[in-house]
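Raw contents of data-v5.txt, compact mmCIF, C-alpha atoms:
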# COMPACT_ATOMS: atom_id res chain seq x y z
CA MET I 1 -30.42 -90.39 49.27
CA ILE I 2 -28.74 -91.21 52.59
CA GLN I 3 -30.21 -89.18 55.47
CA LEU I 4 -28.47 -89.13 58.84
CA SER I 5 -29.47 -87.36 62.06
CA ILE I 6 -27.05 -86.65 64.88
CA ARG I 7 -27.03 -84.25 67.82
CA GLU I 8 -24.67 -81.44 68.71
CA TRP I 9 -21.16 -82.69 69.52
CA GLU I 10 -21.92 -86.24 68.34
CA LYS I 11 -19.83 -88.14 65.78
CA VAL I 12 -20.63 -89.98 62.54
CA ALA I 13 -18.13 -92.55 61.25
CA PHE I 14 -17.15 -92.90 57.60
CA GLY I 15 -15.01 -95.04 55.33
CA THR I 16 -15.10 -98.29 57.34
CA ASP I 17 -17.18 -101.43 57.14
CA GLY I 18 -20.59 -100.68 58.57
CA ALA I 19 -20.06 -96.90 58.48
CA PRO I 20 -23.17 -95.05 57.25
CA ILE I 21 -21.28 -92.89 54.71
CA SER I 22 -18.24 -93.25 52.51
CA GLU I 23 -15.05 -91.21 52.74
CA GLY I 24 -16.01 -89.30 49.58
CA GLN I 25 -19.40 -88.38 51.01
CA ALA I 26 -17.76 -87.24 54.26
CA ASP I 27 -15.36 -85.03 52.25
CA CYS I 28 -18.31 -83.42 50.43
CA LEU I 29 -20.21 -82.79 53.66
CA ALA I 30 -17.12 -81.29 55.27
CA GLN I 31 -16.56 -79.03 52.26
CA ALA I 32 -20.17 -77.80 52.32
CA ALA I 33 -19.75 -77.07 56.04
CA ARG I 34 -16.50 -75.16 55.41
CA ASN I 35 -18.29 -72.96 52.86
CA SER I 36 -20.57 -71.73 55.64
CA ASN I 37 -20.03 -68.35 57.29
CA LEU I 38 -20.17 -70.21 60.60
CA SER I 39 -17.17 -72.39 59.81
CA GLY I 40 -14.69 -70.02 61.50
CA SER I 41 -11.04 -69.41 60.72
CA SER I 42 -10.18 -73.10 61.14
CA GLY I 43 -12.95 -74.20 58.79
CA GLU I 44 -14.25 -76.57 61.47
CA GLY I 45 -16.75 -74.37 63.29
CA VAL I 46 -19.60 -76.57 62.01
CA LEU I 47 -18.00 -80.00 61.51
CA GLU I 48 -14.69 -81.35 62.77
CA HIS I 49 -13.24 -83.49 59.96
CA ARG I 50 -11.14 -86.27 61.46
CA ARG I 51 -9.50 -89.35 59.93
CA LYS I 52 -12.42 -91.70 60.56
CA HIS I 53 -15.30 -89.51 61.70
CA LEU I 54 -17.07 -86.17 61.44
CA ARG I 55 -18.01 -84.46 64.69
CA ALA I 56 -20.76 -81.85 64.97
CA ARG I 57 -20.19 -78.70 66.98
CA GLY I 58 -22.62 -76.12 68.45
CA VAL I 59 -24.31 -75.42 65.11
CA VAL I 60 -27.52 -77.15 64.05
CA GLY I 61 -29.35 -77.58 60.75
CA VAL I 62 -28.88 -79.58 57.57
CA ILE I 63 -25.76 -80.10 55.43
CA ALA I 64 -26.31 -81.81 52.08
CA ALA I 65 -23.89 -82.97 49.41
CA ALA I 66 -24.38 -85.23 46.39
CA ASP I 67 -26.44 -88.20 47.57
CA CYS I 68 -26.36 -87.68 51.35
CA GLN I 69 -27.75 -85.30 53.96
CA LEU I 70 -26.53 -84.77 57.50
CA GLU I 71 -29.01 -83.27 59.94
CA ILE I 72 -27.61 -81.84 63.19
CA LEU I 73 -30.18 -81.43 65.95
CA PRO I 74 -29.84 -79.57 69.25
CA LYS I 75 -29.84 -81.30 72.60
CA ILE I 76 -33.12 -80.03 74.02
CA ASP I 77 -34.13 -82.36 76.85
CA ALA I 78 -37.31 -82.30 78.87
CA SER I 79 -37.40 -83.01 82.59
CA GLY I 80 -37.02 -86.75 83.20
CA GLU I 81 -36.41 -87.44 79.50
CA ALA I 82 -33.49 -89.81 78.85
CA GLU I 83 -33.31 -89.58 75.05
CA ALA I 84 -35.61 -87.44 72.91
CA ALA I 85 -36.56 -88.79 69.47
CA PRO I 86 -35.35 -86.79 66.41
CA GLU I 87 -38.91 -85.69 65.56
CA THR I 88 -39.27 -84.29 69.09
CA LEU I 89 -36.05 -82.30 68.75
CA ARG I 90 -37.13 -80.96 65.34
CA ARG I 91 -40.42 -79.82 66.81
CA ARG I 92 -38.71 -78.07 69.73
CA LEU I 93 -36.15 -76.37 67.51
CA ILE I 94 -38.81 -75.06 65.15
CA HIS I 95 -40.78 -73.76 68.11
CA MET I 96 -37.68 -71.83 69.22
CA LEU I 97 -37.31 -70.48 65.69
CA SER I 98 -40.98 -69.49 65.62
CA VAL I 99 -40.45 -67.33 68.71
CA ALA I 100 -37.17 -65.81 67.52
CA ARG I 101 -38.55 -65.02 64.05
CA ASP I 102 -42.17 -64.16 64.98
CA LEU I 103 -43.66 -67.05 63.03
CA ARG I 104 -47.14 -68.35 63.77
CA ILE I 105 -47.18 -72.14 63.48
CA ASP I 106 -50.61 -73.33 64.63
CA ALA I 107 -51.60 -76.78 65.85
CA TRP I 108 -53.34 -77.98 62.68
CA THR I 109 -50.28 -77.08 60.62
CA THR I 110 -47.78 -78.82 62.88
CA ALA I 111 -49.76 -82.06 62.90
CA SER I 112 -49.06 -82.69 59.20
CA LEU I 113 -45.54 -81.37 58.76
CA GLY I 114 -43.79 -84.74 58.56
CA TRP I 115 -41.77 -84.56 61.77
CA GLN I 116 -40.77 -88.23 61.57
CA ARG I 117 -40.00 -88.74 57.90
CA ASP I 118 -38.38 -85.41 56.88
CA THR I 119 -35.40 -83.34 57.94
CA LEU I 120 -35.57 -79.89 59.48
CA LEU I 121 -34.91 -78.36 56.05
CA GLU I 122 -37.90 -80.04 54.39
CA ILE I 123 -40.17 -79.13 57.30
CA LEU I 124 -39.22 -75.45 57.05
CA ILE I 125 -39.74 -75.54 53.28
CA ARG I 126 -43.17 -77.14 53.81
CA ILE I 127 -44.16 -74.38 56.25
CA PHE I 128 -43.00 -71.76 53.72
CA CYS I 129 -44.94 -73.37 50.86
CA ARG I 130 -48.17 -73.60 52.82
CA LYS I 131 -48.03 -70.02 54.01
CA MET I 132 -47.07 -68.79 50.52
CA THR I 133 -49.89 -70.74 48.87
CA GLU I 134 -52.41 -69.24 51.27
CA ALA I 135 -51.02 -65.72 50.75
CA VAL I 136 -51.00 -65.74 46.93
CA ARG I 137 -54.66 -66.79 46.87
CA HIS I 138 -55.41 -63.23 47.94
CA GLY I 139 -53.05 -61.81 45.28
CA ILE I 140 -49.41 -60.75 45.41
CA PRO I 141 -48.53 -57.18 46.46
CA ARG I 142 -48.36 -54.42 43.86
CA ARG I 143 -47.44 -50.76 43.96
CA TYR I 144 -47.09 -47.86 41.57
CA ILE I 145 -43.67 -47.56 39.94
CA ASP I 146 -42.37 -44.46 38.12
CA HIS I 147 -41.69 -44.97 34.39
CA GLU I 148 -40.13 -42.85 31.68
CA ASP I 149 -40.80 -43.77 28.06
CA ASP I 150 -41.01 -42.28 24.58
CA LEU I 151 -44.52 -42.96 23.26
CA PRO I 152 -46.52 -41.93 20.16
CA SER I 153 -49.29 -40.53 22.39
CA LEU I 154 -49.21 -38.81 25.76
CA ARG I 155 -49.42 -40.98 28.85
CA GLY I 156 -49.20 -39.40 32.25
CA ARG I 157 -47.09 -36.21 32.25
CA LEU I 158 -44.91 -34.67 29.56
CA ASP I 159 -41.22 -34.28 30.41
CA VAL I 160 -40.76 -30.90 28.74
CA SER I 161 -36.99 -30.78 29.28
CA ARG I 162 -36.36 -34.14 27.61
CA GLN I 163 -38.96 -33.47 24.90
CA PHE I 164 -37.15 -30.37 23.63
CA SER I 165 -33.62 -31.72 24.04
CA VAL I 166 -33.29 -35.49 23.51
CA LEU I 167 -36.43 -35.74 21.33
CA ALA I 168 -36.13 -32.41 19.56
CA ALA I 169 -35.53 -34.20 16.23
CA GLN I 170 -38.27 -36.82 16.86
CA PRO I 171 -41.55 -34.89 17.16
CA GLN I 172 -43.51 -38.11 16.48
CA ASN I 173 -42.59 -39.32 20.01
CA LEU I 174 -43.56 -37.78 23.33
CA ALA I 175 -41.37 -37.92 26.44
CA CYS I 176 -43.81 -39.40 28.93
CA GLU I 177 -43.58 -39.80 32.70
CA TYR I 178 -46.23 -42.02 34.27
CA ASP I 179 -46.97 -44.37 37.16
CA GLU I 180 -47.84 -47.99 36.57
CA LEU I 181 -49.21 -50.50 39.08
CA SER I 182 -46.73 -53.35 38.99
CA PRO I 183 -46.01 -56.56 40.95
CA ASP I 184 -42.28 -56.36 40.09
CA ILE I 185 -41.26 -54.93 43.46
CA ASP I 186 -38.54 -55.84 45.98
CA LEU I 187 -40.88 -57.78 48.28
CA ASN I 188 -41.93 -60.09 45.45
CA ARG I 189 -38.34 -60.43 44.26
CA VAL I 190 -37.40 -61.73 47.71
CA MET I 191 -40.21 -64.28 47.57
CA LYS I 192 -39.16 -65.41 44.09
CA ALA I 193 -35.52 -65.70 45.20
CA ALA I 194 -36.65 -67.96 48.07
CA ILE I 195 -38.84 -70.08 45.77
CA LEU I 196 -36.05 -70.58 43.21
CA LYS I 197 -33.45 -71.41 45.86
CA LEU I 198 -35.67 -73.88 47.66
CA SER I 199 -36.58 -75.53 44.35
CA ARG I 200 -32.90 -76.37 43.86
CA ILE I 201 -32.32 -77.88 47.29
CA SER I 202 -35.60 -79.59 48.21
CA THR I 203 -35.97 -83.33 47.66
CA ALA I 204 -39.50 -83.94 49.01
CA ALA I 205 -42.00 -84.53 46.20
CA ASP I 206 -44.82 -82.48 47.77
CA ASN I 207 -42.51 -79.53 48.42
CA LEU I 208 -41.18 -79.58 44.86
CA ARG I 209 -44.73 -79.67 43.49
CA SER I 210 -45.76 -76.68 45.63
CA LEU I 211 -42.65 -74.72 44.67
CA ARG I 212 -43.31 -75.39 40.98
CA GLU I 213 -46.84 -74.04 41.32
CA LEU I 214 -45.60 -70.95 43.16
CA SER I 215 -42.93 -70.31 40.52
CA PHE I 216 -45.67 -69.90 37.88
CA VAL I 217 -47.27 -67.14 39.99
CA TYR I 218 -43.94 -65.28 40.09
CA ALA I 219 -42.92 -65.95 36.49
CA GLU I 220 -42.97 -62.25 35.50
CA ILE I 221 -41.03 -61.05 38.56
CA THR I 222 -37.36 -60.15 38.02
CA ASP I 223 -34.90 -62.83 39.15
CA VAL I 224 -32.56 -61.66 41.94
CA ALA I 225 -29.80 -63.75 43.50
CA PRO I 226 -30.16 -64.19 47.29
CA SER I 227 -26.90 -62.30 47.83
CA ALA I 228 -28.26 -59.32 45.84
CA VAL I 229 -31.61 -59.03 47.63
CA ARG I 230 -32.28 -55.42 48.70
CA TRP I 231 -33.76 -55.96 52.14
CA ASP I 232 -33.36 -52.25 52.90
CA ARG I 233 -35.79 -51.26 50.12
CA ILE I 234 -38.65 -53.43 51.34
CA THR I 235 -41.40 -51.46 53.04
CA LEU I 236 -44.49 -52.90 54.64
CA ASP I 237 -47.65 -50.87 55.22
CA ARG I 238 -51.31 -51.60 55.88
CA THR I 239 -51.77 -52.83 52.30
CA ASN I 240 -49.16 -55.60 52.56
CA ASP I 241 -48.49 -56.11 56.30
CA ARG I 242 -49.91 -59.65 56.05
CA TRP I 243 -46.62 -60.52 54.29
CA LEU I 244 -44.52 -59.68 57.38
CA GLU I 245 -44.47 -63.27 58.60
CA LEU I 246 -43.54 -64.62 55.15
CA LEU I 247 -40.78 -62.03 54.90
CA SER I 248 -39.36 -63.30 58.22
CA LEU I 249 -39.55 -66.88 56.95
CA ALA I 250 -37.81 -65.92 53.69
CA LYS I 251 -35.02 -64.27 55.70
CA LEU I 252 -34.71 -67.45 57.72
CA LEU I 253 -34.33 -69.58 54.60
CA LEU I 254 -32.17 -67.18 52.59
CA GLY I 255 -29.85 -66.32 55.46
CA ASN I 256 -29.57 -63.78 58.26
CA ARG I 257 -27.61 -62.97 61.42
CA HIS I 258 -28.11 -66.13 63.45
CA GLN I 259 -28.33 -68.47 60.50
CA THR I 260 -26.47 -69.09 57.29
CA THR I 261 -27.53 -70.80 54.09
CA ASN I 262 -25.08 -71.36 51.30
CA ALA I 263 -24.33 -73.35 48.19
CA GLY I 264 -20.74 -74.00 47.25
CA ASN I 265 -18.80 -75.48 44.34
CA SER I 266 -18.84 -78.88 46.04
CA ASN I 267 -22.34 -79.63 44.79
CA GLY I 268 -23.59 -79.16 48.34
CA HIS I 269 -25.59 -76.77 50.43
CA ALA I 270 -26.20 -76.02 54.08
CA LEU I 271 -28.95 -74.49 56.19
CA LEU I 272 -27.36 -73.83 59.57
CA PHE I 273 -28.29 -72.08 62.81
CA GLU I 274 -25.90 -70.94 65.51
CA MET I 275 -27.55 -72.12 68.72
CA ASN I 276 -25.79 -69.54 70.93
CA VAL I 277 -27.40 -66.68 69.00
CA LEU I 278 -30.75 -68.43 68.55
CA PHE I 279 -30.99 -69.10 72.30
CA GLU I 280 -30.23 -65.46 73.04
CA GLU I 281 -32.92 -64.21 70.65
CA TYR I 282 -35.43 -66.76 71.93
CA VAL I 283 -34.90 -65.63 75.54
CA ALA I 284 -35.03 -61.93 74.59
CA LYS I 285 -38.30 -62.30 72.65
CA LEU I 286 -40.00 -64.16 75.50
CA LEU I 287 -38.74 -61.61 78.03
CA LYS I 288 -40.18 -58.78 75.94
CA ARG I 289 -43.53 -60.59 75.87
CA GLY I 290 -43.49 -61.31 79.58
CA LEU I 291 -42.51 -57.77 80.63
CA ALA I 292 -44.76 -55.94 78.14
CA GLY I 293 -46.94 -53.44 79.96
CA SER I 294 -44.72 -53.42 83.05
CA SER I 295 -42.22 -50.80 84.18
CA PHE I 296 -39.37 -52.99 82.88
CA SER I 297 -37.89 -52.80 79.38
CA VAL I 298 -35.65 -55.21 77.45
CA SER I 299 -32.85 -54.39 75.01
CA THR I 300 -30.41 -56.71 73.25
CA GLN I 301 -26.76 -56.28 72.26
CA GLY I 302 -26.88 -52.80 73.79
CA GLY I 303 -24.88 -50.92 76.38
CA LYS I 304 -21.59 -50.76 74.48
CA LYS I 305 -19.75 -49.23 77.42
CA ALA I 306 -15.97 -49.35 77.18
CA CYS I 307 -13.85 -51.26 79.69
CA LEU I 308 -10.78 -49.03 79.36
CA PHE I 309 -10.02 -45.48 78.28
CA GLU I 310 -6.97 -44.13 76.52
CA GLY I 311 -7.34 -40.43 77.19
CA ASP I 312 -10.91 -39.76 76.04
CA GLN I 313 -10.95 -42.74 73.69
CA GLY I 314 -12.81 -45.81 74.94
CA ARG I 315 -11.28 -49.21 74.30
CA PHE I 316 -12.61 -52.77 74.58
CA GLY I 317 -16.33 -52.07 74.19
CA THR I 318 -18.87 -54.39 75.80
CA ARG I 319 -22.08 -55.83 74.31
CA PRO I 320 -24.12 -57.66 76.95
CA ASP I 321 -26.65 -60.07 75.47
CA ILE I 322 -29.68 -58.66 77.30
CA LEU I 323 -30.16 -55.55 79.45
CA ILE I 324 -33.20 -55.17 81.71
CA ARG I 325 -34.01 -51.56 82.64
CA HIS I 326 -36.37 -50.17 85.22
CA GLN I 327 -37.12 -46.47 84.81
CA ASP I 328 -34.04 -46.09 82.55
CA LYS I 329 -31.70 -47.70 85.09
CA VAL I 330 -30.07 -51.04 84.24
CA VAL I 331 -31.23 -53.46 86.94
CA THR I 332 -30.22 -56.80 85.43
CA VAL I 333 -27.62 -57.88 82.86
CA ILE I 334 -28.17 -61.32 81.32
CA ASP I 335 -25.71 -63.34 79.29
CA THR I 336 -27.20 -66.44 77.67
CA LYS I 337 -24.99 -69.51 77.23
CA TRP I 338 -26.04 -72.48 75.10
CA LYS I 339 -23.96 -74.89 77.16
CA ARG I 340 -24.78 -77.88 79.32
CA ILE I 341 -23.78 -77.01 82.86
CA SER I 342 -22.79 -79.78 85.27
CA PRO I 343 -24.99 -81.01 88.13
CA ARG I 344 -24.05 -79.59 91.51
CA ILE I 345 -23.23 -83.07 92.80
CA GLU I 346 -20.47 -83.36 90.16
CA ASP I 347 -19.07 -79.83 90.40
CA ALA I 348 -19.83 -77.22 93.06
CA LYS I 349 -19.22 -74.55 90.40
CA TYR I 350 -21.56 -76.24 87.84
CA GLY I 351 -18.65 -76.45 85.38
CA ILE I 352 -19.01 -72.74 84.56
CA ASN I 353 -16.09 -71.07 82.80
CA GLN I 354 -14.14 -68.72 85.00
CA SER I 355 -13.85 -66.23 82.12
CA ASP I 356 -17.67 -66.00 82.00
CA VAL I 357 -17.73 -65.12 85.70
CA TYR I 358 -15.08 -62.41 85.21
CA GLN I 359 -17.09 -60.99 82.30
CA MET I 360 -20.23 -60.72 84.44
CA MET I 361 -18.29 -59.05 87.24
CA ALA I 362 -17.10 -56.46 84.72
CA TYR I 363 -20.68 -55.88 83.55
CA SER I 364 -21.80 -55.35 87.15
CA GLU I 365 -19.18 -52.65 87.60
CA LEU I 366 -19.54 -50.93 84.21
CA TYR I 367 -23.34 -50.80 84.23
CA GLU I 368 -23.58 -50.12 88.00
CA CYS I 369 -25.94 -53.05 88.22
CA ASP I 370 -26.60 -55.09 91.38
CA ARG I 371 -27.85 -58.21 89.53
CA VAL I 372 -26.09 -60.02 86.71
CA MET I 373 -27.13 -63.42 85.43
CA LEU I 374 -25.68 -66.32 83.47
CA LEU I 375 -28.59 -68.18 81.89
CA TYR I 376 -28.23 -71.74 80.57
CA PRO I 377 -30.61 -74.28 79.03
CA TYR I 378 -31.93 -76.92 81.41
CA HIS I 379 -31.07 -80.54 80.57
CA GLN I 380 -32.14 -83.89 81.95
CA GLY I 381 -28.76 -84.49 83.62
CA LEU I 382 -29.70 -81.88 86.24
CA SER I 383 -32.14 -82.41 89.10
CA ASP I 384 -35.88 -82.17 88.50
CA SER I 385 -35.87 -78.52 89.60
CA PRO I 386 -33.87 -76.16 87.36
CA PRO I 387 -30.95 -74.90 89.49
CA GLN I 388 -30.68 -71.30 90.58
CA GLN I 389 -27.65 -70.24 92.56
CA THR I 390 -26.87 -66.77 93.85
CA TYR I 391 -23.35 -65.55 94.65
CA ALA I 392 -22.22 -62.31 96.29
CA ILE I 393 -19.69 -60.50 94.08
CA GLY I 394 -16.34 -59.46 95.55
CA THR I 395 -17.00 -59.92 99.27
CA ALA I 396 -19.28 -62.00 101.45
CA GLY I 397 -22.64 -60.29 101.88
CA ALA I 398 -22.02 -57.81 99.03
CA SER I 399 -25.12 -56.18 97.54
CA ARG I 400 -24.09 -57.07 94.00
CA LYS I 401 -25.10 -60.60 93.04
CA LEU I 402 -24.33 -63.06 90.26
CA LEU I 403 -27.18 -65.47 89.52
CA ILE I 404 -26.67 -68.82 87.81
CA SER I 405 -29.94 -70.10 86.41
CA THR I 406 -31.49 -72.34 83.74
CA ILE I 407 -34.71 -72.44 81.74
CA ASP I 408 -36.38 -75.50 80.26
CA VAL I 409 -36.89 -74.65 76.58
CA SER I 410 -38.85 -77.88 76.06
CA ARG I 411 -41.75 -76.34 78.00
CA ARG I 412 -44.62 -74.37 76.50
CA HIS I 413 -43.73 -70.81 75.54
CA SER I 414 -46.14 -69.41 78.12
CA THR I 415 -44.43 -71.43 80.87
CA VAL I 416 -40.94 -70.31 79.81
CA THR I 417 -42.14 -66.70 79.57
CA ALA I 418 -43.53 -66.82 83.11
CA SER I 419 -40.29 -68.36 84.42
CA LEU I 420 -38.14 -65.70 82.77
CA SER I 421 -40.33 -62.86 84.03
CA LYS I 422 -40.14 -64.25 87.56
CA LEU I 423 -36.33 -64.48 87.34
CA VAL I 424 -36.05 -60.84 86.32
CA MET I 425 -38.65 -59.34 88.65
CA THR I 426 -37.74 -61.30 91.81
CA LYS I 427 -35.39 -59.33 94.04

Represent the structure of the file as C-alpha cells.
Amino acid sequence: MIQLSIREWEKVAFGTDGAPISEGQADCLAQAARNSNLSGSSGEGVLEHRRKHLRARGVVGVIAAADCQLEILPKIDASGEAEAAPETLRRRLIHMLSVARDLRIDAWTTASLGWQRDTLLEILIRIFCRKMTEAVRHGIPRRYIDHEDDLPSLRGRLDVSRQFSVLAAQPQNLACEYDELSPDIDLNRVMKAAILKLSRISTAADNLRSLRELSFVYAEITDVAPSAVRWDRITLDRTNDRWLELLSLAKLLLGNRHQTTNAGNSNGHALLFEMNVLFEEYVAKLLKRGLAGSSFSVSTQGGKKACLFEGDQGRFGTRPDILIRHQDKVVTVIDTKWKRISPRIEDAKYGINQSDVYQMMAYSELYECDRVMLLYPYHQGLSDSPPQQTYAIGTAGASRKLLISTIDVSRRHSTVTASLSKLVMTK
C-alpha cells in the first residue's frame, strides 16, 4: 500500500519516472475525490486533476483507492516553525476536531495513537475503537420497545379489537401487546453502521482486530446503511448520556455538515473535512467556552437579515459566521477565513479580498454593529506577534470599525480561548 502525505494546495506528480504514483492510481484517487460532496460543480473541489500532477485544495483528510492512499494535511504552523512534520499536523488537526465535535482525547490516549506511522483516518479509527471498547464493557444501551404478536398465552395486554376481528377464527391465539427490553435501537444501529463501514476501509492490523471484536458485540443489531441512519430518532437521557461523545465520533466518521465520507464505484473511499467550516466551528466553540458566564452570548450562522427588499419580501439573506451579542444587541460580527494572509511588509492590505471587506461593511450596516472582524489563522510567514489591524469604515474616524486579526491554532486550547475572548471583549 502506497501512502503519501501532502499539505493543502501542494502537488503530487504521477506517471513519470520517479513519480510516487502511476497514472492509473492518480485516476482512481481523482475519481474517489470527485465522488465526494465537497468536489463542487467542477468535480475538482478536493483535487485538481492535471496532466502530470494532482493538486490538493482547501479540503483535508484521506483519499484511498486500490493500493494507494493520499493524505491531505492542513497548513497549521506554530510561531517560528519553518516546516511542521506530518505527525505534528495530524495532532493539531485532531485537536481542532476534538474541540469542534466535543471529543475528549486525553494525554495517555494521544501518546499511543501512532501519529508517525498512520494516516489521519487510522488514528481516528483507533480513537473510535478504544472509546467503543471501553463503553461496551459497561454494556450497550437498551430500552423497552412496543411489540404486537399472536401468542398461545397472554403476554402483556390483550388487544381486544384485533382479537375479535383478525383472530376471530383463531381462538387458540391471543392478540398480545407487550414491551420488551431490547438493544436493537437506533443508537446501537448507528454504532454498528460505523463499525461495519470502518471494517471495510481500515488497513491497520490492530484497528481491524478491534473492529472484529466489536462486531461480535453488535451481531444481533439490525444492519443499517450509513445513508439510512435515523439521527433524528436518537435520544440521549441520563441512562445513556455517556454515549454522547461516541455518537459525535460516529457522526464524524459517517459524515456530517463539515465533513464527508463516501465510497464510490471506483473501489475507493474518502474521509474529508472542509477546513473553512471546521475553522469556523472551532472558533465558535472556543468563544462559547471563553464567554460562558459573562454577559456576552455567541451564535453561529444566525442573523439571516436580508440585504434588499422587494416590497415586503426580503432578498439576498445574510448568514454571518459568528454573532456576539451583549444584552441582546449584536456587538461584534465575525467571519472566519481559512486563508493565509500576507505579511504587512509584502502587502499593506494583507492580501485580503476586497469582496470580503465589502461583505463585512454590509454586515456592519445590516446588524447596526460597530465592530466587525475578519479572523484568519496565524502562520509562520507572519511576524512573531499575530497581526491585528483596525480600520474605520466609510470615513476617517468613523465609530464603526473593521478588525483584521489572526489566532494561532497551534497553541493550547486554553491559550486560544483566552485570545479570542480578549479580541471580543476589548473595545

Mind checking which residues fall within 7 Å of Gln388 of chain I, counting all atoms listed in the file, ignoring those fewer than 4 positions away in the same chain, and posting them as a list in words?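 Contacts, in chain order: Leu403, Ile404, Ser405 and Thr406 of chain I.
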
Could you take the residues named above and write them with C-alpha atoms, as a CSV table (one decimal), keeping the file's coordinate frame?
chain,number,residue,atom,x,y,z
I,403,LEU,CA,-27.2,-65.5,89.5
I,404,ILE,CA,-26.7,-68.8,87.8
I,405,SER,CA,-29.9,-70.1,86.4
I,406,THR,CA,-31.5,-72.3,83.7

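If you count only C-alpha atoms and ignore residues fewer than 4 places along the chain from Arg101 of chain I, what sits within 10 Å of it is His95, Met96, Leu97, Glu245, Leu247, Ser248, Leu249, Lys251, Leu252, Leu278, Glu281, Tyr282 and Lys285 of chain I.
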
Neighbouring residues of segment 223-232 of chain I were defined as those with any atom within 8 Å, considering all atoms listed in the file; residues of the same chain fewer than 5 positions away were excluded. Please report them as a compact mmCIF listing (two decimals) with C-alpha atoms, in the coordinates of the input.
# COMPACT_ATOMS: atom_id res chain seq x y z
CA ASP I 186 -38.54 -55.84 45.98
CA ARG I 189 -38.34 -60.43 44.26
CA VAL I 190 -37.40 -61.73 47.71
CA LYS I 192 -39.16 -65.41 44.09
CA ALA I 193 -35.52 -65.70 45.20
CA ALA I 194 -36.65 -67.96 48.07
CA LEU I 254 -32.17 -67.18 52.59

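Residues in contact range of Thr222 of chain I, defined as at most 9 Å between all atoms listed in the file, with sequence neighbours fewer than 3 positions away removed, read Asp184, Ile185, Asn188, Arg189, Lys192, Tyr218 and Ala219 of chain I.
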
Store the residues picked out above in a file with C-alpha atoms, as a PDB file, in the coordinates of the input.
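Saved result, result08.pdb, follows:
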ATOM      1  CA  ASP I 184     -42.280 -56.360  40.090  1.00  0.00           C
ATOM      2  CA  ILE I 185     -41.260 -54.930  43.460  1.00  0.00           C
ATOM      3  CA  ASN I 188     -41.930 -60.090  45.450  1.00  0.00           C
ATOM      4  CA  ARG I 189     -38.340 -60.430  44.260  1.00  0.00           C
ATOM      5  CA  LYS I 192     -39.160 -65.410  44.090  1.00  0.00           C
ATOM      6  CA  TYR I 218     -43.940 -65.280  40.090  1.00  0.00           C
ATOM      7  CA  ALA I 219     -42.920 -65.950  36.490  1.00  0.00           C
TER       8      ALA I 219
END

Could you work out how far atom CA of Leu323 of chain I lies from atom CA of Gln301 of chain I, giving the answer in Å with one decimal? 8.0 Å

Which of these, I:Ser42, I:Thr336, I:Gln359, I:Asn353, has the shortest distance to Thr300 of chain I once you count all atoms listed in the file? I:Thr336

Coordinates-based distance that separates atom CA of Lys197 of chain I from atom CA of Leu236 of chain I (Å, one decimal): 23.3 Å

Name all residues at most 7 Å from Gly317 of chain I (count all atoms listed in the file; drop same-chain ones fewer than 4 positions away) and give them as a list in words.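 Close residues of Gly317 of chain I: Lys304, Lys305, Ala306 and Cys307 of chain I.
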
What is the atom CA of Val277 of chain I-atom CA of Gly58 of chain I distance in Å, reported with one decimal?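 It comes out at 10.6 Å.
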
Closest of I:Leu196, I:Ile145, I:Val59, I:Ala168 to Ser182 of chain I - atom-to-atom distances counting all atoms listed in the file: I:Ile145

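Proximity to Ala398 of chain I was assessed for I:Thr417, I:Asp370, I:Leu286, I:Leu291 counting all atoms listed in the file; the smallest distance is recorded for I:Asp370.
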
Minimum-distance residue to Ser202 of chain I, chosen among I:Ile234, I:Ala270, I:Leu158, I:Leu47 (using all atoms listed in the file): I:Ala270

Using only C-alpha atoms, which residues of segment 407-427 of chain I come within 12 Å of segment 331-334 of chain I, and what is the closest atom pair for each, with the distance in Å to one decimal? Give it as a Markdown table, sorted by chain and residue number.
| residue | atom | partner | partner_atom | distance |
| --- | --- | --- | --- | --- |
| I:Leu420 | CA | I:Ile334 | CA | 11.0 |
| I:Ser421 | CA | I:Thr332 | CA | 11.9 |
| I:Leu423 | CA | I:Thr332 | CA | 10.0 |
| I:Val424 | CA | I:Thr332 | CA | 7.1 |
| I:Met425 | CA | I:Thr332 | CA | 9.4 |
| I:Thr426 | CA | I:Thr332 | CA | 10.8 |
| I:Lys427 | CA | I:Val331 | CA | 10.1 |

Protein, DNA and RNA residues within 12 Å of (-13.0, -82.2, 65.6), only C-alpha atoms, as a list in words: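 The distance filter leaves exactly Trp9, Glu10, Lys11, Val12, Ala30, Ser42, Gly43, Glu44, Gly45, Val46, Leu47, Glu48, His49, Arg50, Arg51, Lys52, His53, Leu54, Arg55, Ala56, Arg57 and Gly58 of chain I.
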